[in-house]
>>> print(open('work_11.cif').read())   # mmCIF, C-alpha atoms and all ligand atoms
data_input
loop_
_atom_site.label_atom_id
_atom_site.label_comp_id
_atom_site.auth_asym_id
_atom_site.auth_seq_id
_atom_site.Cartn_x
_atom_site.Cartn_y
_atom_site.Cartn_z
CA MET A 1 86.46 169.71 28.41
CA ALA A 2 86.49 170.44 32.09
CA GLU A 3 88.71 169.30 34.90
CA ILE A 4 86.85 166.96 37.21
CA SER A 5 88.24 166.00 40.57
CA ILE A 6 86.81 163.00 42.37
CA GLN A 7 88.12 161.09 45.37
CA VAL A 8 87.97 157.52 44.06
CA ASN A 9 88.67 154.80 46.64
CA GLY A 10 90.51 157.31 48.79
CA ARG A 11 92.74 158.65 46.00
CA GLN A 12 92.26 161.97 44.31
CA GLN A 13 91.54 161.51 40.62
CA LYS A 14 91.79 164.68 38.58
CA HIS A 15 91.10 164.35 34.87
CA GLU A 16 89.92 166.37 31.92
CA ALA A 17 86.56 165.12 30.76
CA GLU A 18 83.67 166.17 28.57
CA PRO A 19 80.63 167.42 30.44
CA ARG A 20 78.71 164.46 29.00
CA THR A 21 81.13 161.92 30.50
CA HIS A 22 79.37 159.50 32.76
CA LEU A 23 80.81 158.47 36.08
CA GLY A 24 81.13 154.87 34.91
CA ASP A 25 83.27 155.91 31.94
CA PHE A 26 85.31 158.27 34.13
CA ILE A 27 86.06 155.45 36.58
CA ARG A 28 86.89 152.90 33.92
CA GLU A 29 88.63 155.02 31.30
CA LYS A 30 90.24 157.82 33.26
CA SER A 31 90.93 156.11 36.57
CA ARG A 32 91.54 152.71 34.97
CA LEU A 33 89.43 150.97 37.59
CA THR A 34 87.68 148.37 35.49
CA GLY A 35 85.94 146.47 38.28
CA THR A 36 82.84 148.57 37.66
CA ASN A 37 80.88 146.87 34.91
CA LEU A 38 78.70 148.67 32.41
CA SER A 39 75.94 146.72 30.78
CA CYS A 40 72.63 148.31 29.86
CA GLU A 41 73.96 151.88 30.24
CA HIS A 42 70.37 152.97 30.75
CA GLY A 43 70.17 152.78 34.53
CA VAL A 44 68.16 149.59 34.37
CA CYS A 45 70.38 146.66 35.35
CA GLY A 46 72.35 148.03 38.31
CA ALA A 47 75.62 146.38 37.19
CA CYS A 48 77.42 149.72 37.30
CA THR A 49 76.36 150.67 40.83
CA VAL A 50 79.04 152.38 42.91
CA LEU A 51 78.89 154.41 46.10
CA VAL A 52 78.92 158.19 45.88
CA ASP A 53 79.45 159.58 49.37
CA GLY A 54 78.39 156.20 50.67
CA ARG A 55 75.15 155.94 48.69
CA PRO A 56 74.60 153.52 45.85
CA VAL A 57 74.40 155.34 42.53
CA ARG A 58 74.16 154.05 38.96
CA SER A 59 77.37 155.27 37.41
CA CYS A 60 76.12 154.87 33.84
CA ILE A 61 73.53 157.61 34.21
CA THR A 62 75.40 159.88 36.60
CA PHE A 63 77.55 162.61 35.10
CA ALA A 64 81.11 162.61 36.36
CA GLY A 65 80.81 166.40 36.63
CA ALA A 66 78.02 165.96 39.19
CA CYS A 67 80.48 164.05 41.37
CA ASP A 68 83.15 166.72 41.27
CA GLY A 69 84.46 167.08 44.83
CA HIS A 70 82.65 163.99 46.07
CA GLU A 71 83.85 160.57 47.19
CA VAL A 72 83.31 157.52 45.04
CA THR A 73 83.85 153.94 46.16
CA THR A 74 84.10 151.16 43.60
CA VAL A 75 84.45 147.41 44.07
CA GLU A 76 88.23 147.90 44.22
CA GLY A 77 87.90 150.16 47.25
CA TYR A 78 86.14 148.10 49.92
CA ASP A 79 89.19 146.48 51.51
CA ASP A 80 88.76 148.11 54.89
CA ASP A 81 84.98 148.08 54.94
CA PRO A 82 83.59 145.90 57.76
CA ILE A 83 80.25 145.29 56.02
CA MET A 84 81.83 144.42 52.72
CA SER A 85 84.23 141.94 54.27
CA ARG A 86 81.22 140.09 55.75
CA LEU A 87 79.36 140.29 52.45
CA ARG A 88 82.31 138.95 50.49
CA THR A 89 82.53 135.91 52.77
CA ALA A 90 78.76 135.40 52.67
CA PHE A 91 78.64 135.69 48.86
CA SER A 92 81.26 133.01 48.65
CA GLU A 93 79.60 130.72 51.22
CA LYS A 94 76.12 131.06 49.75
CA HIS A 95 77.23 130.74 46.12
CA ALA A 96 75.91 134.21 45.37
CA LEU A 97 77.81 134.65 42.14
CA GLN A 98 78.31 132.70 38.98
CA CYS A 99 79.90 134.72 36.17
CA GLY A 100 80.34 137.63 38.57
CA PHE A 101 79.35 140.32 36.10
CA CYS A 102 76.62 141.75 38.30
CA THR A 103 78.59 141.22 41.51
CA PRO A 104 80.22 144.69 41.88
CA GLY A 105 76.79 146.32 41.60
CA MET A 106 75.14 143.66 43.75
CA LEU A 107 77.72 144.16 46.50
CA ALA A 108 77.18 147.93 46.50
CA THR A 109 73.42 147.47 46.84
CA SER A 110 73.82 144.68 49.39
CA ARG A 111 76.05 146.87 51.53
CA ASP A 112 73.40 149.57 51.44
CA ILE A 113 70.73 147.08 52.54
CA VAL A 114 72.83 145.85 55.45
CA LEU A 115 73.61 149.42 56.42
CA ARG A 116 70.13 150.90 56.26
CA LEU A 117 67.85 147.98 57.03
CA PRO A 118 69.15 145.95 59.98
CA ASP A 119 65.77 144.25 60.41
CA ALA A 120 65.06 143.49 56.76
CA ASP A 121 63.39 140.16 56.12
CA GLU A 122 63.59 138.16 52.92
CA ALA A 123 60.70 139.99 51.23
CA ARG A 124 62.29 143.36 51.97
CA VAL A 125 65.70 142.24 50.76
CA ARG A 126 64.18 141.07 47.50
CA ILE A 127 62.38 144.38 47.00
CA GLU A 128 65.57 146.31 47.69
CA LEU A 129 67.49 144.11 45.26
CA SER A 130 64.92 144.49 42.53
CA GLY A 131 66.93 147.21 40.81
CA ASN A 132 69.88 144.88 40.21
CA ILE A 133 69.67 142.28 37.50
CA CYS A 134 71.71 139.09 37.57
CA ARG A 135 71.85 137.44 34.15
CA CYS A 136 72.87 134.19 35.82
CA THR A 137 69.71 134.49 37.96
CA GLY A 138 71.65 133.94 41.17
CA TYR A 139 69.10 135.81 43.29
CA GLN A 140 68.56 132.95 45.72
CA GLY A 141 72.21 132.90 46.79
CA ILE A 142 72.48 136.69 46.87
CA THR A 143 69.40 137.01 49.07
CA ALA A 144 70.66 134.23 51.33
CA ALA A 145 74.05 135.95 51.65
CA ILE A 146 72.53 139.28 52.67
CA LEU A 147 70.13 137.63 55.11
CA SER A 148 72.98 135.70 56.69
CA VAL A 149 74.98 138.91 57.23
CA LEU A 150 71.94 140.65 58.72
CA GLN A 151 71.28 137.71 61.03
CA ALA A 152 74.93 137.51 62.15
CA LEU A 153 74.86 141.22 62.99
CA ARG A 154 71.65 140.78 64.97
CA ASP A 155 73.09 137.81 66.85
CA GLN A 156 76.34 139.55 67.56
CA PRO A 157 76.40 143.29 66.94
CA ASP A 158 79.62 144.64 65.49
CA ALA A 159 80.80 147.99 66.87
CA GLN A 160 82.29 149.06 63.53
CA VAL A 161 79.09 148.29 61.65
CA GLU A 162 77.00 150.01 64.31
CA ALA A 163 79.19 153.11 63.95
CA LEU A 164 78.65 153.07 60.19
CA ARG A 165 74.91 152.69 60.67
CA ALA A 166 74.81 155.57 63.13
CA ALA A 167 76.78 157.71 60.70
CA VAL A 168 74.44 157.11 57.76
CA VAL A 169 72.45 160.26 58.45
CA GLN A 170 75.12 162.48 60.00
CA ASN A 171 77.67 161.81 57.29
CA VAL A 172 75.69 163.40 54.50
CA PRO A 173 77.86 166.37 53.49
CA GLN A 174 76.48 169.81 54.15
CA ASP A 175 76.82 170.76 50.49
CA TRP A 176 75.10 167.57 49.35
CA ASP A 177 72.92 168.46 46.42
CA GLN A 178 69.85 166.40 47.13
CA ASN A 179 68.62 166.93 43.60
CA SER A 180 71.72 165.40 42.04
CA PHE A 181 71.02 161.95 43.43
CA THR A 182 67.35 161.76 44.20
CA THR A 183 66.52 158.57 46.03
CA PHE A 184 63.19 156.89 46.55
CA ASP A 185 61.94 154.07 48.68
CA ALA A 186 61.63 150.71 47.02
CA VAL A 187 58.03 149.54 47.17
CA GLN A 188 56.26 146.31 46.42
CA GLU A 189 53.99 147.04 43.51
CA GLU A 190 50.61 145.35 43.40
CA ALA A 191 50.75 142.27 41.26
CA GLN A 192 49.47 142.98 37.78
CA MET A 193 45.77 142.33 37.93
CA PRO A 194 43.87 140.83 35.08
CA ALA A 195 42.00 143.33 32.95
CA PRO A 196 38.32 143.61 33.83
CA VAL A 197 35.95 141.50 31.84
CA ALA A 198 34.70 144.59 30.04
CA ALA A 199 37.97 144.50 28.14
CA ALA A 200 37.38 140.96 27.02
CA ALA A 201 37.29 141.62 23.34
CA PRO A 202 39.65 140.83 20.53
CA GLY A 203 42.30 143.49 20.33
CA ASN A 204 41.74 144.36 23.98
CA ALA A 205 43.67 141.60 25.70
CA ASP A 206 46.34 142.87 28.08
CA LYS A 207 49.10 144.17 25.87
CA GLY A 208 52.62 144.14 27.19
CA LYS A 209 52.13 140.75 28.80
CA GLY A 210 53.75 138.85 25.97
CA GLN A 211 53.34 137.91 22.36
CA ALA A 212 49.96 138.61 20.81
CA ILE A 213 48.51 136.51 18.03
CA GLN A 214 45.18 137.20 16.38
CA GLY A 215 43.06 134.76 14.49
CA GLY A 216 39.50 133.66 14.09
CA PHE A 217 37.09 131.34 12.36
CA ASP A 218 33.66 131.36 10.75
CA ALA A 219 30.82 129.41 12.30
CA ARG A 220 27.86 128.14 10.30
CA PHE A 221 25.48 128.96 13.16
CA PRO A 222 23.82 132.06 14.63
CA ALA A 223 25.90 134.09 17.06
CA ASP A 224 23.75 133.28 20.11
CA GLN A 225 24.06 129.56 19.53
CA VAL A 226 27.83 129.76 19.07
CA TRP A 227 28.17 131.97 22.13
CA ALA A 228 26.21 129.50 24.26
CA PHE A 229 28.68 126.84 23.16
CA MET A 230 31.78 128.99 23.56
CA LYS A 231 31.15 129.76 27.22
CA ASP A 232 30.83 126.11 28.15
CA LEU A 233 34.37 125.23 29.25
CA PRO A 234 34.24 121.43 28.90
CA LYS A 235 32.79 121.78 25.40
CA VAL A 236 35.41 124.34 24.42
CA ALA A 237 38.21 122.14 25.80
CA ALA A 238 36.94 119.15 23.87
CA CYS A 239 37.48 121.14 20.67
CA LEU A 240 40.97 122.27 21.57
CA PRO A 241 43.55 119.80 20.26
CA GLY A 242 45.54 118.25 23.10
CA ALA A 243 43.47 119.79 25.93
CA ILE A 244 42.08 117.75 28.81
CA ILE A 245 40.00 119.10 31.69
CA GLU A 246 40.64 117.21 34.90
CA SER A 247 38.36 119.09 37.26
CA GLN A 248 36.10 122.10 37.26
CA GLU A 249 34.93 124.44 39.97
CA GLY A 250 32.65 127.18 38.71
CA ALA A 251 34.47 129.14 36.04
CA THR A 252 37.86 127.63 36.90
CA VAL A 253 39.20 124.41 35.46
CA GLN A 254 42.29 122.36 36.18
CA GLY A 255 43.76 120.41 33.36
CA LYS A 256 46.53 120.06 30.87
CA ILE A 257 47.30 120.78 27.27
CA ALA A 258 49.80 118.76 25.29
CA ILE A 259 51.60 120.45 22.42
CA LYS A 260 53.88 118.83 19.92
CA PHE A 261 55.35 120.96 17.23
CA GLY A 262 58.30 119.71 15.22
CA PRO A 263 61.09 119.16 17.74
CA MET A 264 59.15 120.82 20.53
CA SER A 265 57.00 118.77 22.81
CA ALA A 266 55.42 119.97 26.04
CA ALA A 267 52.54 119.18 28.35
CA PHE A 268 51.46 122.19 30.34
CA LYS A 269 49.52 121.40 33.47
CA GLY A 270 47.71 124.18 35.26
CA ASN A 271 44.46 126.03 35.58
CA ALA A 272 42.34 128.43 33.59
CA THR A 273 39.49 130.74 34.48
CA LEU A 274 36.83 131.99 32.13
CA GLU A 275 35.53 135.53 32.49
CA GLU A 276 32.43 136.22 30.46
CA ASP A 277 30.73 139.29 29.12
CA ASN A 278 27.34 138.01 27.97
CA GLU A 279 26.19 141.34 26.63
CA ARG A 280 29.03 141.47 24.14
CA ARG A 281 29.28 137.71 23.64
CA ALA A 282 32.91 138.03 24.66
CA ALA A 283 35.11 136.16 27.09
CA VAL A 284 38.67 135.88 28.31
CA LEU A 285 40.13 132.54 29.28
CA ARG A 286 43.10 133.20 31.55
CA GLY A 287 45.38 130.29 32.06
CA GLU A 288 48.80 129.38 33.35
CA GLY A 289 50.69 126.16 33.56
CA VAL A 290 54.04 124.43 33.91
CA ASP A 291 55.56 121.88 31.59
CA SER A 292 56.66 119.02 33.83
CA LEU A 293 59.55 118.05 31.56
CA SER A 294 61.28 121.36 30.87
CA GLN A 295 59.84 123.25 33.85
CA SER A 296 58.92 126.02 31.42
CA ARG A 297 56.04 128.20 32.55
CA ALA A 298 53.37 129.52 30.24
CA ARG A 299 50.77 132.19 30.85
CA GLY A 300 48.18 133.14 28.34
CA ASP A 301 44.93 135.00 27.91
CA VAL A 302 42.68 133.82 25.12
CA SER A 303 40.12 136.51 24.35
CA TYR A 304 37.30 135.77 22.01
CA GLN A 305 34.17 137.44 20.79
CA VAL A 306 31.33 136.03 18.75
CA GLN A 307 29.88 138.43 16.22
CA PRO A 308 26.89 137.84 13.94
CA ASP A 309 27.61 137.50 10.26
CA GLY A 310 24.07 137.66 8.90
CA GLN A 311 21.16 135.79 10.48
CA GLU A 312 22.53 132.29 10.37
CA ARG A 313 26.27 132.68 10.51
CA SER A 314 28.80 134.21 12.84
CA ARG A 315 32.46 135.03 13.12
CA VAL A 316 34.56 134.20 16.18
CA HIS A 317 37.48 136.59 16.66
CA VAL A 318 40.26 135.19 18.79
CA GLU A 319 43.34 136.78 20.28
CA LEU A 320 46.01 134.96 22.24
CA VAL A 321 48.41 136.95 24.40
CA TYR A 322 50.99 134.64 25.91
CA SER A 323 54.36 134.57 27.57
CA LEU A 324 56.77 131.70 28.06
CA GLN A 325 59.53 131.41 30.63
CA GLY A 326 62.15 128.73 30.74
CA PRO A 327 63.79 126.59 28.08
CA LEU A 328 60.78 126.70 25.76
CA ALA A 329 60.85 130.51 25.68
CA GLN A 330 63.26 130.30 22.75
CA PHE A 331 60.34 129.22 20.60
CA SER A 332 58.04 132.05 21.64
CA ARG A 333 59.10 134.65 19.09
CA SER A 334 59.33 132.65 15.97
CA GLY A 335 56.99 133.31 13.07
CA LEU A 336 56.44 129.57 12.91
CA VAL A 337 54.82 129.67 16.33
CA GLN A 338 52.48 132.40 15.13
CA ASP A 339 51.49 130.25 12.16
CA PHE A 340 51.13 127.28 14.46
CA VAL A 341 48.76 129.10 16.80
CA ARG A 342 46.67 130.47 13.93
CA ARG A 343 46.31 126.98 12.57
CA MET A 344 45.38 125.69 15.99
CA ILE A 345 42.65 128.31 16.07
CA ALA A 346 41.49 127.15 12.62
CA GLU A 347 41.48 123.50 13.83
CA PHE A 348 39.59 124.60 16.88
CA GLY A 349 37.03 126.40 14.67
CA LYS A 350 36.57 123.26 12.59
CA ASN A 351 35.90 121.25 15.73
CA VAL A 352 33.45 123.83 17.06
CA ASN A 353 31.47 123.63 13.84
CA LEU A 354 31.53 119.84 13.99
CA ARG A 355 30.33 119.83 17.57
CA LEU A 356 27.54 122.27 16.78
CA GLU A 357 26.42 120.12 13.87
CA ASN A 358 26.46 117.05 16.09
CA PRO A 359 25.25 118.32 19.47
CA LEU A 360 25.80 115.92 22.32
CA ALA A 361 22.82 113.69 22.74
CA GLU A 362 21.99 110.75 24.92
CA GLY A 363 23.96 107.77 23.68
CA HIS A 364 26.18 109.73 21.31
CA GLU A 365 29.92 109.86 21.77
CA PRO A 366 31.35 113.36 21.68
CA VAL A 367 33.21 114.27 18.52
CA VAL A 368 36.87 113.84 19.31
CA ALA A 369 39.20 116.70 18.48
CA GLU A 370 41.75 115.49 15.99
CA PHE A 371 45.10 117.09 15.70
CA ASN A 372 47.99 115.97 13.57
CA PRO A 373 50.96 118.11 14.60
CA VAL A 374 53.38 116.52 12.14
CA LYS A 375 51.04 117.19 9.23
CA MET A 376 50.51 120.72 10.48
CA PHE A 377 54.24 121.34 10.91
CA PHE A 378 55.00 120.34 7.33
CA SER A 379 51.99 122.15 5.97
CA ILE A 380 53.24 125.37 7.64
CA LEU A 381 56.70 124.87 6.20
CA TRP A 382 55.23 124.18 2.76
CA ASP A 383 53.12 127.34 2.89
CA ARG A 384 56.16 129.38 3.87
CA PHE A 385 58.18 127.79 1.11
CA LYS A 386 55.49 128.69 -1.44
CA GLY A 387 55.35 132.20 0.03
CA LEU A 388 59.06 132.67 -0.65
CA PHE A 389 58.55 131.96 -4.34
CA ARG A 390 55.50 134.18 -4.51
CA ARG A 391 57.54 137.07 -3.05
CA ALA A 392 60.40 136.35 -5.42
S1 LIG B 401 74.92 149.67 33.23
FE1 LIG B 401 74.20 151.11 34.62
S2 LIG B 401 72.30 150.36 35.25
FE2 LIG B 401 72.92 148.98 33.71
S1 LIG B 402 76.48 136.27 38.53
FE1 LIG B 402 76.41 136.42 36.38
S2 LIG B 402 75.22 138.18 36.06
FE2 LIG B 402 75.02 137.82 38.15
#
>>> encode(input="work_11.cif", output="structure tokens")
Amino acid sequence: MAEISIQVNGRQQKHEAEPRTHLGDFIREKSRLTGTNLSCEHGVCGACTVLVDGRPVRSCITFAGACDGHEVTTVEGYDDDPIMSRLRTAFSEKHALQCGFCTPGMLATSRDIVLRLPDADEARVRIELSGNICRCTGYQGITAAILSVLQALRDQPDAQVEALRAAVVQNVPQDWDQNSFTTFDAVQEEAQMPAPVAAAAPGNADKGKGQAIQGGFDARFPADQVWAFMKDLPKVAACLPGAIIESQEGATVQGKIAIKFGPMSAAFKGNATLEEDNERRAAVLRGEGVDSLSQSRARGDVSYQVQPDGQERSRVHVELVYSLQGPLAQFSRSGLVQDFVRRMIAEFGKNVNLRLENPLAEGHEPVVAEFNPVKMFFSILWDRFKGLFRRA
């Protein structure tokens, strides 16, 4: 135990604490100031952000001992702060809080933005806010509130705020240990780029982008013939249950795919681009779309590779890496969905074989992809049911 003395909201707080005590726990448990919320306790969500000597600091990963002799301001201590009084009003006017859990941390970060970045535009505000997570996803209102305060201060400068801004640099204490609270500039990272086509092989799809499901099917045709078929987007789409191509421009198609699975029904409309690697008979179909009903968004990369299996047969390996956002995301992790996708791949394989046996010819109707989701749903359940007894 050591005695730690911190000026919290203008009052000296002297308490015995273990060296491992974090500032957030010190504030809440020793000083009984429970406005500071702790959530992830890993420095990720920003809920616990407080000001240490005027700078925003994550109190869940800052040792209280490191703040010995310093000044800490929590959400309970902003009464006389001219920036915070503007922010409070703006948060209320712009509906910038819902449950309010993130609000103490959001306010601390917002104050810092207003203080340091008088000319920040919306993009900059969003980058600066990126370290604070709002579970209620109230970012629109929060951004609007900060922008409105910045604009008001540009329209009509406030002497008190200007004095605070001028003091930002000078006020850093002489004994400030720069290493205790290392800061860095927020930067806009490049959007995640698709993996190069060279990686377009099963098992090589971009990991970390979502759920990955592997599958495959056997084709009763030589690999070159199957590959020629598999890189023809309209032909591939015609074999995919529920898929419709509406337009095509080069390797990019616009279209939709309807999915019905038990209680879940969605029609994702969007686009997909095929990247090919002829040498390896591999391709990645990158697609994204929005379900008009639930407004759920789906992104997915379907990687496939055709490999010979003897002279006359081949095997098509398929991997789907997908992510879902929105109401339908609740279905994305279930084992049933994995089964569902594998069976879709099997259905797709059946249709590919059918199409290859009956190549399109003048006067012949294309083979229509048939898909019975209800039958598939119950067949999956039945298989799982049987599996339970096998395990028992
Ligand atoms: S609780 Fe501190 S960053 Fe999440
Ligand atoms: S308002 Fe609820 S977490 Fe942000």
>>> residues_near_ligand(input="work_11.cif", ligand="ligand LIG 402 (chain B)", cutoff="8 Å", atoms="only C-alpha atoms and all ligand atoms", output="VMD selection string")
chain A and resid 96 to 103 133 to 138
>>> residues_near_ligand(input="work_11.cif", ligand="ligand LIG 401 (chain B)", cutoff="7 Å", atoms="only C-alpha atoms and all ligand atoms", output="ChimeraX atom specification")
/A:37-49,58-61
>>> atom_distance(input="work_11.cif", atom1="atom CA of Ile113 of chain A", atom2="atom CA of Thr73 of chain A")
16.1 Å
>>> closest_residue(input="work_11.cif", among="A:Val318, A:Met230, A:Leu150, A:Ala237", to="Arg111 of chain A", atoms="all atoms listed in the file")
A:Leu150
>>> residues_around(input="work_11.cif", residues="segment 285-302 of chain A", least_positions_apart="3", cutoff="7 Å", atoms="all atoms listed in the file", output="PyMOL selection string")
chain A and resi 266-275+318-328
>>> write_last_selection(input="work_11.cif", atoms="C-alpha atoms", output="PDB file, in the frame of the given file")
ATOM      1  CA  ALA A 266      55.420 119.970  26.040  1.00  0.00           C
ATOM      2  CA  ALA A 267      52.540 119.180  28.350  1.00  0.00           C
ATOM      3  CA  PHE A 268      51.460 122.190  30.340  1.00  0.00           C
ATOM      4  CA  LYS A 269      49.520 121.400  33.470  1.00  0.00           C
ATOM      5  CA  GLY A 270      47.710 124.180  35.260  1.00  0.00           C
ATOM      6  CA  ASN A 271      44.460 126.030  35.580  1.00  0.00           C
ATOM      7  CA  ALA A 272      42.340 128.430  33.590  1.00  0.00           C
ATOM      8  CA  THR A 273      39.490 130.740  34.480  1.00  0.00           C
ATOM      9  CA  LEU A 274      36.830 131.990  32.130  1.00  0.00           C
ATOM     10  CA  GLU A 275      35.530 135.530  32.490  1.00  0.00           C
ATOM     11  CA  VAL A 318      40.260 135.190  18.790  1.00  0.00           C
ATOM     12  CA  GLU A 319      43.340 136.780  20.280  1.00  0.00           C
ATOM     13  CA  LEU A 320      46.010 134.960  22.240  1.00  0.00           C
ATOM     14  CA  VAL A 321      48.410 136.950  24.400  1.00  0.00           C
ATOM     15  CA  TYR A 322      50.990 134.640  25.910  1.00  0.00           C
ATOM     16  CA  SER A 323      54.360 134.570  27.570  1.00  0.00           C
ATOM     17  CA  LEU A 324      56.770 131.700  28.060  1.00  0.00           C
ATOM     18  CA  GLN A 325      59.530 131.410  30.630  1.00  0.00           C
ATOM     19  CA  GLY A 326      62.150 128.730  30.740  1.00  0.00           C
ATOM     20  CA  PRO A 327      63.790 126.590  28.080  1.00  0.00           C
ATOM     21  CA  LEU A 328      60.780 126.700  25.760  1.00  0.00           C
TER      22      LEU A 328
END
>>> atom_distance(input="work_11.cif", atom1="atom CA of Pro104 of chain A", atom2="atom CA of Ile4 of chain A")
23.7 Å
>>> residues_near_point(input="work_11.cif", point="(25.6, 128.3, 7.2)", cutoff="9 Å", atoms="all atoms listed in the file", output="ChimeraX atom specification")
/A:219-222,312-314
>>> closest_residue(input="work_11.cif", among="A:Val149, A:Ala120, A:Ile127, A:Ile83", to="Glu162 of chain A", atoms="all atoms listed in the file")
A:Ile83
>>> atom_distance(input="work_11.cif", atom1="atom CA of Gln254 of chain A", atom2="atom CA of Met344 of chain A")
20.7 Å
>>> residues_around(input="work_11.cif", residues="Met1 of chain A", least_positions_apart="5", cutoff="6 Å", atoms="all atoms listed in the file", output="PDB file with C-alpha atoms, keeping the file's coordinate frame")
ATOM      1  CA  GLU A  16      89.920 166.370  31.920  1.00  0.00           C
ATOM      2  CA  ALA A  17      86.560 165.120  30.760  1.00  0.00           C
ATOM      3  CA  GLU A  18      83.670 166.170  28.570  1.00  0.00           C
TER       4      GLU A  18
END
>>> residues_around(input="work_11.cif", residues="Gly349 of chain A", least_positions_apart="4", cutoff="12 Å", atoms="all atoms listed in the file", output="tab-separated table (two decimals) with C-alpha atoms, keeping the file's coordinate frame")
chain	number	residue	atom	x	y	z
A	215	GLY	CA	43.06	134.76	14.49
A	216	GLY	CA	39.50	133.66	14.09
A	217	PHE	CA	37.09	131.34	12.36
A	218	ASP	CA	33.66	131.36	10.75
A	219	ALA	CA	30.82	129.41	12.30
A	220	ARG	CA	27.86	128.14	10.30
A	221	PHE	CA	25.48	128.96	13.16
A	226	VAL	CA	27.83	129.76	19.07
A	229	PHE	CA	28.68	126.84	23.16
A	230	MET	CA	31.78	128.99	23.56
A	236	VAL	CA	35.41	124.34	24.42
A	237	ALA	CA	38.21	122.14	25.80
A	238	ALA	CA	36.94	119.15	23.87
A	239	CYS	CA	37.48	121.14	20.67
A	240	LEU	CA	40.97	122.27	21.57
A	241	PRO	CA	43.55	119.80	20.26
A	304	TYR	CA	37.30	135.77	22.01
A	306	VAL	CA	31.33	136.03	18.75
A	314	SER	CA	28.80	134.21	12.84
A	315	ARG	CA	32.46	135.03	13.12
A	316	VAL	CA	34.56	134.20	16.18
A	317	HIS	CA	37.48	136.59	16.66
A	318	VAL	CA	40.26	135.19	18.79
A	342	ARG	CA	46.67	130.47	13.93
A	343	ARG	CA	46.31	126.98	12.57
A	344	MET	CA	45.38	125.69	15.99
A	345	ILE	CA	42.65	128.31	16.07
A	353	ASN	CA	31.47	123.63	13.84
A	354	LEU	CA	31.53	119.84	13.99
A	355	ARG	CA	30.33	119.83	17.57
A	356	LEU	CA	27.54	122.27	16.78
A	369	ALA	CA	39.20	116.70	18.48
A	370	GLU	CA	41.75	115.49	15.99
>>> decode(input="work_11.cif", residues="segment 65-69 of chain A", atoms="all heavy atoms", output="mmCIF file, in the first residue's frame")
data_model
loop_
_atom_site.group_PDB
_atom_site.id
_atom_site.type_symbol
_atom_site.label_atom_id
_atom_site.label_comp_id
_atom_site.auth_asym_id
_atom_site.auth_seq_id
_atom_site.Cartn_x
_atom_site.Cartn_y
_atom_site.Cartn_z
ATOM 1 N N GLY A 65 -1.054 5.696 -8.992
ATOM 2 C CA GLY A 65 0.261 6.161 -8.516
ATOM 3 C C GLY A 65 0.935 7.085 -9.509
ATOM 4 O O GLY A 65 1.680 8.001 -9.110
ATOM 5 N N ALA A 66 0.678 6.898 -10.805
ATOM 6 C CA ALA A 66 1.290 7.759 -11.821
ATOM 7 C C ALA A 66 0.690 9.155 -11.788
ATOM 8 O O ALA A 66 1.239 10.083 -12.383
ATOM 9 C CB ALA A 66 1.100 7.143 -13.202
ATOM 10 N N CYS A 67 -0.453 9.290 -11.120
ATOM 11 C CA CYS A 67 -1.123 10.600 -11.065
ATOM 12 C C CYS A 67 -0.873 11.297 -9.734
ATOM 13 O O CYS A 67 -1.480 12.339 -9.454
ATOM 14 C CB CYS A 67 -2.624 10.419 -11.264
ATOM 15 S SG CYS A 67 -3.015 9.603 -12.794
ATOM 16 N N ASP A 68 -0.045 10.690 -8.910
ATOM 17 C CA ASP A 68 0.262 11.285 -7.608
ATOM 18 C C ASP A 68 0.782 12.714 -7.819
ATOM 19 O O ASP A 68 1.712 12.929 -8.600
ATOM 20 C CB ASP A 68 1.335 10.428 -6.913
ATOM 21 C CG ASP A 68 1.447 10.771 -5.430
ATOM 22 O OD1 ASP A 68 0.432 11.194 -4.841
ATOM 23 O OD2 ASP A 68 2.553 10.625 -4.885
ATOM 24 N N GLY A 69 0.121 13.676 -7.168
ATOM 25 C CA GLY A 69 0.550 15.076 -7.293
ATOM 26 C C GLY A 69 -0.027 15.787 -8.506
ATOM 27 O O GLY A 69 0.273 16.964 -8.724
#
